[in-house]
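Below you'll find the structure, written out as structure tokens, and then a few comments.
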Amino acid sequence: MFFGITGQARAIDASFEPQGWLKIEGNHFVVLCSSSDDEDMAHAILEHAEDYYNEIADDIGYSRYQNFWTWDNRVKIIIFPDQESYVRQTGQSPWSNGFASMYSELFKSRIIVSYKGQPNFLEVILPHEITHLILHDFIGFDRPIPRFFDEGVAQLEQKDDSLSHMDVMAHLITGGKIIPLQELLSYDLMVHKNDAESVSIFYVESLYIVDFLVKTYGKDAFKEMCRNLRDGQSFEQALKSSYYPTLDSMQSLQDKWFDYVKQSI
């Protein structure tokens, strides 16, 4: 399963509102579906989205901005009727399940786009994409966020069993297939997009690193790191500022994380 965040989607942005589509509005989100027959689905999406907004904002220390996504700044959740129309209209790859898009200009355009009929949309895709948007809003569109951290946090907020495969993570480490954490800081998924194994390792590794930070050192330190990133520190600087003296570099994070994974199986 692949989904993520993009700076711009083809032929679709926050002005997308076709005539005849169903529109359901909430405090922070607007749900758009192609048919009035989808009203129950739209209400379920809106209810879950509002709950996720509060949970995720609190997890990264964003809750002080309670009114940030309101009125004209509400996020649009656009659900196409099928995969074919989703791919055609957005320009996404056929393997894409959904994405979040934002334009930094005036912070005025935020959308989450997917298509109807995915059984994991409410529990996986929706919280994943909301996390991307909240994280970038909080840290800042002009602040570089390492892709592994962005994807790790988004996966951690999913409501599925992603974290039930610690044995897989341990085998990757002992088998020497892990991506060194220093390389993760600048890892470019697009370079490896045709290497399914590398992409899978990247996502699994990203999830378990973020999970390690939260479970081992607590949410307060994690929130502090997010604030340090927001204030302009590099990822390694933010890591050291938030977790010193236990963690003072990517290498020390890797060493502690390796030990944690091996002891957890």
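Just remember, in the structure tokens the first chain shown is A, the second B, etc., residues are 1-based per chain, and ligands are 1-based in the order shown.
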- Mind checking DSSP for range 14-223 of chain A and telling me the helix (DSSP H, G or I) residues as JSON, numbers by chain? {"A": [36, 37, 38, 39, 40, 41, 42, 43, 44, 45, 46, 47, 48, 49, 50, 51, 52, 53, 54, 55, 56, 57, 58, 59, 60, 71, 72, 73, 83, 84, 85, 86, 87, 88, 89, 90, 105, 106, 107, 121, 122, 123, 124, 125, 126, 127, 128, 129, 130, 131, 132, 133, 134, 135, 136, 137, 138, 139, 147, 148, 149, 150, 151, 152, 153, 154, 155, 156, 162, 163, 164, 166, 167, 168, 169, 170, 171, 172, 173, 174, 181, 182, 183, 184, 189, 190, 191, 192, 196, 197, 198, 199, 200, 201, 202, 203, 204, 205, 206, 207, 208, 209, 210, 211, 212, 213, 214, 215, 216, 217, 218, 219, 220, 221, 222, 223]}
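Near range 161-178 of chain A, within 9 Å and counting only C-alpha atoms, sit Gln155, Ser198, Ile201, Phe202, Val204, Glu205, Leu207, Tyr208, Asp211, Phe258, Val261, Lys262, Ser264 and Ile265 of chain A, not including residues fewer than 6 positions from it in the same chain.
Counting only C-alpha atoms and comparing A:Gly61, A:Pro245, A:Gly26, A:Gly20, the residue that lies closest to Arg74 in chain A is A:Gly26.
Going from CA of Ile112 in chain A over to CA of Lys76 in chain A, you cover 6.2 Å.
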- Residues at most 10 Å from Ala49 in chain A, counting only C-alpha atoms, excluding those fewer than 5 positions away in the same chain, as a PyMOL selection string? chain A and resi 26+28-31+43-44+54-55+75+77+122+126-127+130
How about saving the chosen residues, C-alpha atoms kept, as a short mmCIF file (atom, residue, chain, number, x, y, z; two decimals), in the first residue's frame?
data_model
loop_
_atom_site.label_atom_id
_atom_site.label_comp_id
_atom_site.auth_asym_id
_atom_site.auth_seq_id
_atom_site.Cartn_x
_atom_site.Cartn_y
_atom_site.Cartn_z
CA GLY A 26 -17.63 19.89 9.43
CA HIS A 28 -12.17 21.28 10.08
CA PHE A 29 -13.05 19.25 6.97
CA VAL A 30 -15.31 19.28 3.90
CA VAL A 31 -16.09 15.92 2.31
CA HIS A 43 -20.73 11.42 7.18
CA ALA A 44 -18.60 8.50 8.40
CA ASN A 54 -7.86 16.12 17.63
CA GLU A 55 -5.84 12.97 18.36
CA VAL A 75 -9.33 20.61 4.44
CA ILE A 77 -11.48 15.31 1.40
CA LEU A 122 -11.09 5.12 7.33
CA LEU A 126 -7.39 8.92 6.23
CA PRO A 127 -5.33 9.23 9.46
CA ILE A 130 -4.28 13.98 7.92
#
- Message: Could you pull out the strand (DSSP E) residues of range 47-161 of chain A, going by DSSP on the backbone, and write them as a VMD selection string?
- Response: chain A and resid 75 to 80 96 to 103 109 to 115
- Task: Could you check how far CA of Phe235 in chain A sits from CA of Phe138 in chain A, in Å to one decimal?
- Result: 14.9 Å
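Atom pair CA of Ile179 in chain A / CA of Ile60 in chain A has a distance of 25.4 Å (rounded to one decimal).
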- Query: So, counting only C-alpha atoms, which residue among A:Ile139, A:Gln19, A:Asp160, A:Ser85 is closest to Lys223 in chain A?
  - Reply: A:Ile139
- One residue among A:Leu184, A:Ala57, A:Ile24, A:Ala221 is nearest to Tyr244 in chain A when using only C-alpha atoms, and that residue is A:Ala221
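Residue neighbourhood of Phe212 in chain A, excluding near-sequence residues (fewer than 4 positions): Tyr208, Thr216, Tyr217, Trp257 and Tyr260 of chain A, at 8 Å, using only C-alpha atoms.
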Please write the residues from the selection above to a file, keeping C-alpha atoms, as an mmCIF file, in the first residue's frame.
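Listed below is the output, result.cif:
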data_model
loop_
_atom_site.group_PDB
_atom_site.id
_atom_site.type_symbol
_atom_site.label_atom_id
_atom_site.label_comp_id
_atom_site.auth_asym_id
_atom_site.auth_seq_id
_atom_site.Cartn_x
_atom_site.Cartn_y
_atom_site.Cartn_z
ATOM 1 C CA TYR A 208 9.720 1.612 13.837
ATOM 2 C CA THR A 216 11.032 4.725 24.829
ATOM 3 C CA TYR A 217 11.296 8.418 25.667
ATOM 4 C CA TRP A 257 17.212 1.528 18.263
ATOM 5 C CA TYR A 260 15.652 -2.021 21.383
#
- Item | Shell around Cys33 in chain A at 6 Å using only C-alpha atoms, local window under 4 positions removed, as a ChimeraX atom specification | /A:21-22,79
Write a file of the selected residues as a short mmCIF file (atom, residue, chain, number, x, y, z; two decimals), in the first residue's frame, keeping all heavy atoms.
data_model
loop_
_atom_site.label_atom_id
_atom_site.label_comp_id
_atom_site.auth_asym_id
_atom_site.auth_seq_id
_atom_site.Cartn_x
_atom_site.Cartn_y
_atom_site.Cartn_z
N TRP A 21 -21.88 17.13 -7.16
CA TRP A 21 -21.24 16.29 -6.15
C TRP A 21 -21.83 16.60 -4.77
O TRP A 21 -22.21 17.73 -4.47
CB TRP A 21 -19.73 16.54 -6.13
CG TRP A 21 -18.97 15.76 -7.16
CD1 TRP A 21 -19.29 15.61 -8.47
CD2 TRP A 21 -17.74 15.05 -6.96
NE1 TRP A 21 -18.35 14.85 -9.11
CE2 TRP A 21 -17.38 14.48 -8.21
CE3 TRP A 21 -16.92 14.84 -5.87
CZ2 TRP A 21 -16.23 13.72 -8.37
CZ3 TRP A 21 -15.77 14.08 -6.02
CH2 TRP A 21 -15.43 13.52 -7.28
N LEU A 22 -21.89 15.58 -3.93
CA LEU A 22 -22.35 15.72 -2.56
C LEU A 22 -21.29 16.43 -1.73
O LEU A 22 -20.09 16.13 -1.84
CB LEU A 22 -22.63 14.34 -1.96
CG LEU A 22 -23.03 14.29 -0.48
CD1 LEU A 22 -24.41 14.90 -0.29
CD2 LEU A 22 -23.01 12.84 0.02
N ILE A 79 -13.38 12.26 -2.66
CA ILE A 79 -13.48 10.82 -2.90
C ILE A 79 -14.03 10.58 -4.31
O ILE A 79 -15.21 10.84 -4.59
CB ILE A 79 -14.40 10.14 -1.87
CG1 ILE A 79 -13.94 10.46 -0.45
CG2 ILE A 79 -14.41 8.63 -2.11
CD1 ILE A 79 -12.55 9.96 -0.09
#
Any chance you could tabulate, as a tab-separated table, the residues of range 51-150 of chain A at most 10 Å from range 15-18 of chain A with each one's nearest atom pair and distance in Å to one decimal, using only C-alpha atoms, in chain and rising number order?
residue	atom	partner	partner_atom	distance
A:Lys76	CA	A:Phe16	CA	8.9
A:Ile78	CA	A:Phe16	CA	8.5
A:Ser109	CA	A:Ser15	CA	8.3
A:Arg110	CA	A:Ser15	CA	9.9
A:Ile111	CA	A:Phe16	CA	9.4
Output of the above residues as a compact mmCIF listing (two decimals), in the first residue's frame, restricted to all heavy atoms:
# COMPACT_ATOMS: atom_id res chain seq x y z
N LYS A 76 -10.27 19.83 2.35
CA LYS A 76 -11.22 19.10 1.52
C LYS A 76 -10.78 17.65 1.38
O LYS A 76 -9.62 17.37 1.05
CB LYS A 76 -11.33 19.74 0.13
CG LYS A 76 -12.27 20.93 0.08
CD LYS A 76 -12.49 21.38 -1.36
CE LYS A 76 -13.50 22.54 -1.39
NZ LYS A 76 -13.68 23.05 -2.77
N ILE A 78 -11.62 14.59 -0.90
CA ILE A 78 -12.26 14.34 -2.19
C ILE A 78 -12.22 12.85 -2.50
O ILE A 78 -11.14 12.26 -2.56
CB ILE A 78 -11.56 15.14 -3.30
CG1 ILE A 78 -11.61 16.65 -2.98
CG2 ILE A 78 -12.18 14.85 -4.66
CD1 ILE A 78 -10.68 17.49 -3.82
N SER A 109 -4.39 26.01 0.43
CA SER A 109 -4.92 24.88 -0.32
C SER A 109 -4.45 23.57 0.29
O SER A 109 -3.30 23.22 0.21
CB SER A 109 -4.46 24.96 -1.78
OG SER A 109 -5.00 23.90 -2.52
N ARG A 110 -5.40 22.85 0.89
CA ARG A 110 -5.09 21.55 1.46
C ARG A 110 -6.18 20.58 1.01
O ARG A 110 -7.36 20.84 1.20
CB ARG A 110 -5.06 21.61 2.98
CG ARG A 110 -4.05 22.55 3.58
CD ARG A 110 -4.28 22.64 5.08
NE ARG A 110 -3.41 23.62 5.70
CZ ARG A 110 -3.68 24.93 5.70
NH1 ARG A 110 -4.76 25.38 5.12
NH2 ARG A 110 -2.84 25.77 6.28
N ILE A 111 -5.79 19.46 0.47
CA ILE A 111 -6.76 18.46 0.06
C ILE A 111 -6.24 17.06 0.39
O ILE A 111 -5.03 16.83 0.45
CB ILE A 111 -7.09 18.54 -1.45
CG1 ILE A 111 -5.81 18.38 -2.29
CG2 ILE A 111 -7.81 19.83 -1.79
CD1 ILE A 111 -6.08 18.33 -3.80
- Task: Between A:Ile12, A:Tyr187, A:Tyr53, A:Glu123, single out the one closest to Gln92 in chain A, counting only C-alpha atoms.
- Result: A:Ile12
- Give me the residues within 12 Å of Asp231 in chain A as a ChimeraX atom specification, counting only C-alpha atoms and dropping any in the same chain fewer than 2 places off. /A:138-140,142-144,224-229,233-235,237-238,241
Would you mind exporting all heavy atoms of the selected residues as a tab-separated table (two decimals), in the first residue's frame?
chain	number	residue	atom	x	y	z
A	138	PHE	N	2.25	22.33	11.31
A	138	PHE	CA	2.85	22.65	12.61
A	138	PHE	C	4.32	23.05	12.45
A	138	PHE	O	4.77	24.08	12.99
A	138	PHE	CB	2.73	21.46	13.55
A	138	PHE	CG	3.37	21.70	14.90
A	138	PHE	CD1	2.79	22.57	15.79
A	138	PHE	CD2	4.53	21.04	15.27
A	138	PHE	CE1	3.36	22.81	17.04
A	138	PHE	CE2	5.11	21.27	16.51
A	138	PHE	CZ	4.52	22.15	17.39
A	139	ILE	N	5.09	22.25	11.74
A	139	ILE	CA	6.52	22.52	11.60
A	139	ILE	C	6.77	23.66	10.63
A	139	ILE	O	7.70	24.46	10.81
A	139	ILE	CB	7.26	21.24	11.16
A	139	ILE	CG1	7.21	20.22	12.30
A	139	ILE	CG2	8.71	21.54	10.77
A	139	ILE	CD1	7.83	18.87	11.97
A	140	GLY	N	5.93	23.78	9.60
A	140	GLY	CA	6.07	24.87	8.65
A	140	GLY	C	6.36	24.36	7.26
A	140	GLY	O	7.19	23.47	7.08
A	142	ASP	N	7.91	25.77	4.98
A	142	ASP	CA	9.24	26.13	4.51
A	142	ASP	C	10.34	25.43	5.30
A	142	ASP	O	11.52	25.68	5.07
A	142	ASP	CB	9.44	27.65	4.60
A	142	ASP	CG	9.27	28.17	6.03
A	142	ASP	OD1	8.64	27.47	6.84
A	142	ASP	OD2	9.74	29.28	6.31
A	143	ARG	N	9.97	24.54	6.21
A	143	ARG	CA	10.97	23.79	7.00
A	143	ARG	C	11.14	22.41	6.39
A	143	ARG	O	10.16	21.69	6.19
A	143	ARG	CB	10.52	23.64	8.45
A	143	ARG	CG	10.18	24.94	9.15
A	143	ARG	CD	11.39	25.77	9.42
A	143	ARG	NE	11.05	26.90	10.30
A	143	ARG	CZ	11.83	27.94	10.46
A	143	ARG	NH1	12.98	28.02	9.82
A	143	ARG	NH2	11.46	28.92	11.27
A	144	PRO	N	12.37	22.01	6.11
A	144	PRO	CA	12.59	20.66	5.56
A	144	PRO	C	12.35	19.59	6.62
A	144	PRO	O	12.89	19.66	7.72
A	144	PRO	CB	14.06	20.69	5.13
A	144	PRO	CG	14.70	21.73	6.00
A	144	PRO	CD	13.64	22.77	6.25
A	224	GLU	N	8.64	18.00	21.93
A	224	GLU	CA	9.72	18.99	21.97
A	224	GLU	C	10.54	18.94	20.68
A	224	GLU	O	10.93	19.97	20.14
A	224	GLU	CB	10.62	18.74	23.17
A	224	GLU	CG	11.75	19.76	23.29
A	224	GLU	CD	12.66	19.51	24.47
A	224	GLU	OE1	12.33	18.64	25.32
A	224	GLU	OE2	13.72	20.16	24.56
A	225	MET	N	10.79	17.73	20.17
A	225	MET	CA	11.54	17.61	18.93
A	225	MET	C	10.78	18.26	17.77
A	225	MET	O	11.36	18.95	16.93
A	225	MET	CB	11.85	16.15	18.60
A	225	MET	CG	12.73	16.00	17.36
A	225	MET	SD	13.37	14.34	17.13
A	225	MET	CE	11.86	13.48	16.72
A	226	CYS	N	9.46	18.04	17.72
A	226	CYS	CA	8.66	18.68	16.67
A	226	CYS	C	8.73	20.20	16.78
A	226	CYS	O	8.82	20.91	15.77
A	226	CYS	CB	7.21	18.21	16.76
A	226	CYS	SG	6.95	16.48	16.28
A	227	ARG	N	8.70	20.72	18.01
A	227	ARG	CA	8.81	22.17	18.21
A	227	ARG	C	10.18	22.67	17.76
A	227	ARG	O	10.29	23.75	17.15
A	227	ARG	CB	8.57	22.53	19.67
A	227	ARG	CG	7.12	22.40	20.11
A	227	ARG	CD	6.88	23.07	21.46
A	227	ARG	NE	7.63	22.43	22.53
A	227	ARG	CZ	7.16	21.44	23.28
A	227	ARG	NH1	5.94	20.97	23.06
A	227	ARG	NH2	7.90	20.92	24.25
A	228	ASN	N	11.23	21.90	18.04
A	228	ASN	CA	12.57	22.30	17.61
A	228	ASN	C	12.69	22.32	16.09
A	228	ASN	O	13.36	23.20	15.53
A	228	ASN	CB	13.61	21.36	18.22
A	228	ASN	CG	13.78	21.57	19.72
A	228	ASN	OD1	13.57	22.67	20.22
A	228	ASN	ND2	14.16	20.53	20.43
A	229	LEU	N	12.06	21.36	15.43
A	229	LEU	CA	12.03	21.37	13.97
A	229	LEU	C	11.28	22.60	13.47
A	229	LEU	O	11.70	23.26	12.51
A	229	LEU	CB	11.37	20.09	13.44
A	229	LEU	CG	12.16	18.79	13.59
A	229	LEU	CD1	11.28	17.60	13.26
A	229	LEU	CD2	13.40	18.79	12.70
A	233	GLN	N	15.56	24.14	13.61
A	233	GLN	CA	16.70	23.24	13.80
A	233	GLN	C	16.66	22.12	12.76
A	233	GLN	O	15.59	21.70	12.31
A	233	GLN	CB	16.67	22.64	15.21
A	233	GLN	CG	16.90	23.64	16.32
A	233	GLN	CD	17.01	22.97	17.69
A	233	GLN	OE1	17.24	21.77	17.78
A	233	GLN	NE2	16.86	23.76	18.74
A	234	SER	N	17.84	21.63	12.38
A	234	SER	CA	17.91	20.46	11.52
A	234	SER	C	17.41	19.26	12.31
A	234	SER	O	17.28	19.32	13.55
A	234	SER	CB	19.35	20.21	11.07
A	234	SER	OG	20.15	19.79	12.18
A	235	PHE	N	17.15	18.15	11.63
A	235	PHE	CA	16.64	16.99	12.34
A	235	PHE	C	17.63	16.52	13.40
A	235	PHE	O	17.24	16.21	14.53
A	235	PHE	CB	16.34	15.84	11.37
A	235	PHE	CG	15.72	14.66	12.05
A	235	PHE	CD1	14.36	14.60	12.28
A	235	PHE	CD2	16.51	13.60	12.48
A	235	PHE	CE1	13.78	13.52	12.93
A	235	PHE	CE2	15.95	12.51	13.15
A	235	PHE	CZ	14.58	12.47	13.36
A	237	GLN	N	19.96	18.24	14.93
A	237	GLN	CA	20.00	19.22	16.02
A	237	GLN	C	18.78	19.07	16.93
A	237	GLN	O	18.89	19.11	18.15
A	237	GLN	CB	20.04	20.64	15.44
A	237	GLN	CG	21.35	21.03	14.79
A	237	GLN	CD	21.24	22.35	14.06
A	237	GLN	OE1	20.16	22.77	13.63
A	237	GLN	NE2	22.38	23.04	13.90
A	238	ALA	N	17.61	18.90	16.31
A	238	ALA	CA	16.39	18.75	17.09
A	238	ALA	C	16.42	17.48	17.93
A	238	ALA	O	15.96	17.46	19.08
A	238	ALA	CB	15.18	18.73	16.15
A	241	SER	N	18.80	18.17	20.87
A	241	SER	CA	18.22	19.12	21.81
A	241	SER	C	17.13	18.48	22.67
A	241	SER	O	16.97	18.81	23.84
A	241	SER	CB	17.61	20.32	21.06
A	241	SER	OG	18.59	21.02	20.35
